[in-house]
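Enquirer: Handing you a structure now.
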Amino acid sequence: MTKAHGYAAQTKTSSLAPFNFERRDVGPRDVQIEILFCGVCHSDIHQVRDEWGGSIYPMVPGHEIVGRVTKVGAQVKKFKPGDAAGVGCMVDSCRECESCRDGEEQYCDRGECVLTYNSRYKDGTPSYGGYSNQIVVDEAFALRISPKQNLAAVAPLLCAGITTYSPLKYWNVSKGQRVGVVGLGGLGHMALKLAHSFGAHVTQFTTSPGKEQDAIRLGADEVVLTRDPESLKKLAGSFHFIIDTVSALHDINLYLSLLRRNGNLTLVGAPDKPMAVGAFPLIMKRRSFSGSAIGGIRETQEMLDYCAEHNIVSDIELTPIQRINEAYERMLRNDVKYRFVIDMASLRE
Ligand code: NAP
Ligand code: ZN
Ligand code: ZN
């Protein structure tokens with residue numbers, strides 16, 4: 001075992017605080033990565049606070065990891081020491097079922113997808129995430145990162161990027177279509193940038209008047225303040241596709257009614273309580289309502305390569321790890337533009 005340290009939550013009500021633990025030794029197919037940056041996802045807050053149930057403590061959160069390879073096992077082909085590398089939300093899966101063979105490990109049919117944290121490896125040991133100095137991961141679950149991009153701003157692509165890219169691709173969002181993005185946070189601002197880059201006409205829905213100008217700068221053709229229900233009504237029946245990234249309970253029917261015939265609304269936001277869905281907004285116009293979870297490793301690499309080619313990164317605010325608890329409070333007040341990224345150099349100070 002190798003020594004590691006980071007920040008962990010000990011219970012669902014405790015703040016994150018320094019924590020020492022161990023990582024496995026580097027096996028033949030493993031790479032060891034010195035973590036340079038880790039994005040802060042709202043899923044980290046949901047899980048630290050056990051809002052989805054079943055949280056495993058102590059918990060070292062973090063699944064938007066970018067760093068430098070320090071060591072590789074004898075059979076590793078994709079990486080050599082010194083390479084930039086990333087780790088997203090998963091570190092293993094069964095690799096044999098239909099979903100895994102299709103490259104959609106996040107939907108592993110055997111339920112053996114091992115998440116980067118708050119999960120257990122096949123041997124039962126808990127997985128610890130990226131709010132830490134290093135990680136050891138099978139190369140099959142490590143991503144290649146372009147060294148030309150700002151590594152801190154690439155980190156959020158590992159979750160916020162792929163979680164929005166995957167449904168935009170699945171639903172064939174393309175040039176000329178009208179697309180809506182609900183919520184302008186970490187996921188929302190990536191959905192906006194990506195949909196804009198695919199040539200869609202994008203409408204950003206936000207509850208925050210202060211974000212209007214930013215939304216335009218990030219690629220929105222139109223911004224709608226959702227606190228005013230009248231502004232939604234005039235958009236009824238106009239969207240091909242809407243992606244909902246909101247982290248808290250809200251009225252989904254308002255957005256379903258904005259879809260045109262055969263339109264789809266995909267939910268990626270994961271509020272802890274069930275939402276009421278009316279029959280009529282769906283029945284009328286043959287609309288569909290679906291969900292989507294992150295994206296497989298193959299598609300994550302495709303997204304990273306696409307973003308490198310099109311110069312797409314996240315808009316970030318770097319934070320030292322010592323201020324992570326404050327960052328959580330600010331995210332809960334919708335006060336982040338648009339992703340906190342932990343500068344892991346602060347852990348070494
Ligand atoms: P975030 O940065 O906190 O952004 C969420 C945004 O939702 C806020 O910025 C705000 O946007 C809007 N919002 C918050 N509370 C609201 C409310 N009560 N009513 C209406 N709008 C509200 O969070 P994130 O990291 O993007 O994550 C968003 C959600 O996606 C979380 O639930 C997270 O767990 C989930 N998630 C899912 C997946 C997946 O695989 N499906 C992956 C990652 C994250 P405005 O200020 O613009 O209104
Ligand atoms: Zn995430
Ligand atoms: Zn599987």
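All residue names refer to the structure tokens as shown: chains lettered A, B, ... in order, residues numbered from 1 in each chain, ligands numbered from 1 in order.
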Show me which residues sit within 12 Å of ligand 2 when counting only C-alpha atoms and all ligand atoms, and put them as a ChimeraX atom specification.
Expert: /A:38-47,61-65,87-90,115-117,129-130,155-164,185-187,245,247,268-270,293-295,339-340
Enquirer: Produce as a list of chain:residue names the set of residues near ligand 3, where near means within 6 Å with only C-alpha atoms and all ligand atoms considered.
Expert: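 With only C-alpha atoms and all ligand atoms and a cut-off of 6 Å, ligand 3 is contacted by A:Ser93, A:Cys94, A:Arg95, A:Glu96, A:Cys97, A:Ser99, A:Cys100, A:Glu105, A:Cys108, A:Asp109, A:Arg110.
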Enquirer: From the set A:Gly183, A:Gly278, A:Gly54, A:Pro209, which residue has the shortest atom-to-atom contact distance to ligand 1, counting only C-alpha atoms and all ligand atoms?
Expert: A:Gly183
Enquirer: DSSP on the backbone, strand (DSSP E or B) only: what residues of region 206-326 of chain A does that give? Format it as a PyMOL selection string.
Expert: chain A and resi 206+222-225+239-244+259-267+288-291+316-320
Enquirer: Set the distance at 12 Å and use only C-alpha atoms: which residues neighbour Ala279 (chain A) once local chain neighbours fewer than 5 positions away are removed? I'd like the list as an MDAnalysis selection string.
Expert: chainID A and resid 252:253 256:257 284:289
Enquirer: Using the selection just defined, write its residues with C-alpha atoms as a PDB file, in the first residue's frame.
Expert:
```
ATOM      1  CA  ILE A 252     -40.553  19.889 -14.397  1.00  0.00           C
ATOM      2  CA  ASN A 253     -43.969  20.229 -16.085  1.00  0.00           C
ATOM      3  CA  LEU A 256     -42.092  19.644 -20.587  1.00  0.00           C
ATOM      4  CA  SER A 257     -44.702  22.005 -21.987  1.00  0.00           C
ATOM      5  CA  MET A 284     -49.697  16.008 -25.790  1.00  0.00           C
ATOM      6  CA  LYS A 285     -47.239  16.230 -28.657  1.00  0.00           C
ATOM      7  CA  ARG A 286     -45.788  12.764 -27.940  1.00  0.00           C
ATOM      8  CA  ARG A 287     -43.096  14.259 -25.747  1.00  0.00           C
ATOM      9  CA  SER A 288     -40.619  12.133 -23.836  1.00  0.00           C
ATOM     10  CA  PHE A 289     -38.950  12.568 -20.484  1.00  0.00           C
TER      11      PHE A 289
END
```
Enquirer: Could you please write out, as a VMD selection string, every residue of region 111-218 of chain A that DSSP assigns to alpha helix (DSSP H)?
Expert: chain A and resid 151 to 154 160 to 170 186 to 197 212 to 218
Enquirer: Could you write out the selected residues, including C-alpha atoms, as an mmCIF file, in the first residue's frame?
Expert:
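File written: selection.cif
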```cif
data_model
loop_
_atom_site.group_PDB
_atom_site.id
_atom_site.type_symbol
_atom_site.label_atom_id
_atom_site.label_comp_id
_atom_site.auth_asym_id
_atom_site.auth_seq_id
_atom_site.Cartn_x
_atom_site.Cartn_y
_atom_site.Cartn_z
ATOM 1 C CA LEU A 151 -5.413 21.492 -16.848
ATOM 2 C CA ALA A 152 -7.396 23.131 -14.032
ATOM 3 C CA ALA A 153 -10.150 24.151 -16.450
ATOM 4 C CA VAL A 154 -10.209 20.685 -18.053
ATOM 5 C CA ALA A 160 -19.861 18.088 -15.855
ATOM 6 C CA GLY A 161 -18.530 17.801 -19.413
ATOM 7 C CA ILE A 162 -19.380 14.170 -20.095
ATOM 8 C CA THR A 163 -22.723 14.280 -18.238
ATOM 9 C CA THR A 164 -23.960 16.949 -20.644
ATOM 10 C CA TYR A 165 -22.107 15.812 -23.794
ATOM 11 C CA SER A 166 -23.537 12.281 -23.616
ATOM 12 C CA PRO A 167 -27.275 13.145 -23.748
ATOM 13 C CA LEU A 168 -26.694 15.948 -26.288
ATOM 14 C CA LYS A 169 -25.105 13.289 -28.525
ATOM 15 C CA TYR A 170 -27.618 10.551 -27.757
ATOM 16 C CA GLY A 186 -21.331 23.496 -13.309
ATOM 17 C CA LEU A 187 -23.290 21.115 -15.559
ATOM 18 C CA GLY A 188 -25.441 23.862 -17.053
ATOM 19 C CA HIS A 189 -22.588 25.996 -18.302
ATOM 20 C CA MET A 190 -20.975 22.969 -19.968
ATOM 21 C CA ALA A 191 -24.308 21.994 -21.581
ATOM 22 C CA LEU A 192 -24.573 25.561 -22.880
ATOM 23 C CA LYS A 193 -21.045 25.630 -24.322
ATOM 24 C CA LEU A 194 -21.402 22.181 -25.902
ATOM 25 C CA ALA A 195 -24.882 22.709 -27.399
ATOM 26 C CA HIS A 196 -23.692 26.044 -28.815
ATOM 27 C CA SER A 197 -20.631 24.340 -30.320
ATOM 28 C CA GLU A 212 -27.785 36.786 -17.729
ATOM 29 C CA GLN A 213 -24.745 38.500 -19.234
ATOM 30 C CA ASP A 214 -22.523 35.487 -18.574
ATOM 31 C CA ALA A 215 -24.989 33.167 -20.295
ATOM 32 C CA ILE A 216 -24.730 35.229 -23.478
ATOM 33 C CA ARG A 217 -20.936 35.247 -23.230
ATOM 34 C CA LEU A 218 -20.942 31.456 -22.776
#
```
Enquirer: Which residue is closest to ligand 1? Choose from A:Asn20, A:Asn262, A:Gln106, A:Gln301 and count only C-alpha atoms and all ligand atoms.
Expert: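 Of all the options, A:Gln106 lies closest to ligand 1.
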Enquirer: Quick one: residues within 8 Å of Lys3 (chain A), only C-alpha atoms, excluding same-chain residues fewer than 6 positions away - as a PyMOL selection string?
Expert: chain A and resi 20-23
Enquirer: Which residues are close to Lys77 (chain A), i.e. within 12 Å by only C-alpha atoms, leaving aside same-chain residues fewer than 2 positions away? Reply as a list in words.
Expert: Pro28, Arg29, Asp30, Val31, Val72, Gly73, Ala74, Gln75, Phe79, Lys80, Pro81, Asp138, Glu139, Ala140, Ala142 and Arg144 of chain A
Enquirer: Which residue, A:Leu258, A:Val202, A:Ala9, A:Leu249, has the smallest gap to Lys233 (chain A) when you use only C-alpha atoms?
Expert: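 With only C-alpha atoms as the atom set, the closest residue is A:Leu258.
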Enquirer: If we count only C-alpha atoms, what is near region 67-69 of chain A at a cut-off of 6 Å, once residues fewer than 2 positions away on the same chain are taken out, given as a list in words?
Expert: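 My reading of the contact set: Gln32, Ile33, Glu34, Ile35, Leu36, Lys71, Pro81, Gly82, Asp83, Ala84 and Ala85 of chain A.
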Enquirer: Looking at A:Leu259, A:Val136, A:Val336, A:Leu235, which one is nearest to ligand 1, with distances taken over only C-alpha atoms and all ligand atoms?
Expert: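 Under the stated criterion, the closest residue is A:Val336.
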Enquirer: For each of A:Gly263, A:Lys78, A:Glu104, A:Trp52, take the minimum atom-to-atom distance to Thr300 (chain A), counting only C-alpha atoms, then give the residue where this is smallest.
Expert: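 Looking only at the distances to Thr300 (chain A), the closest residue turns out to be A:Glu104.
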Enquirer: Write out as a CSV table (one decimal) with C-alpha atoms, in the first residue's frame which residues come within 7 Å of Gln204 (chain A) when counting only C-alpha atoms, dropping same-chain ones fewer than 6 positions away.
Expert:
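Result file out-v3.csv:
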```csv
chain,number,residue,atom,x,y,z
A,180,GLY,CA,-32.9,24.6,-23.7
A,181,VAL,CA,-30.6,24.4,-20.7
A,182,VAL,CA,-32.2,24.6,-17.3
A,215,ALA,CA,-25.0,33.2,-20.3
A,220,ALA,CA,-26.6,31.4,-25.2
A,222,GLU,CA,-31.5,33.8,-25.4
A,223,VAL,CA,-31.7,33.9,-21.6
A,224,VAL,CA,-35.0,33.4,-19.7
```
Enquirer: May I ask which of the residues A:Ile242, A:Leu267, A:Leu143, A:Ala4 is the closest one to Arg298 (chain A), counting only C-alpha atoms?
Expert: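 Answer, going by the shortest atom-to-atom distance: A:Leu143.
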Enquirer: What is the distance, in Å and to one decimal place, between CA of Met1 (chain A) and CA of Arg24 (chain A)?
Expert: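 Pair CA of Met1 (chain A) / CA of Arg24 (chain A) returns 4.7 Å.
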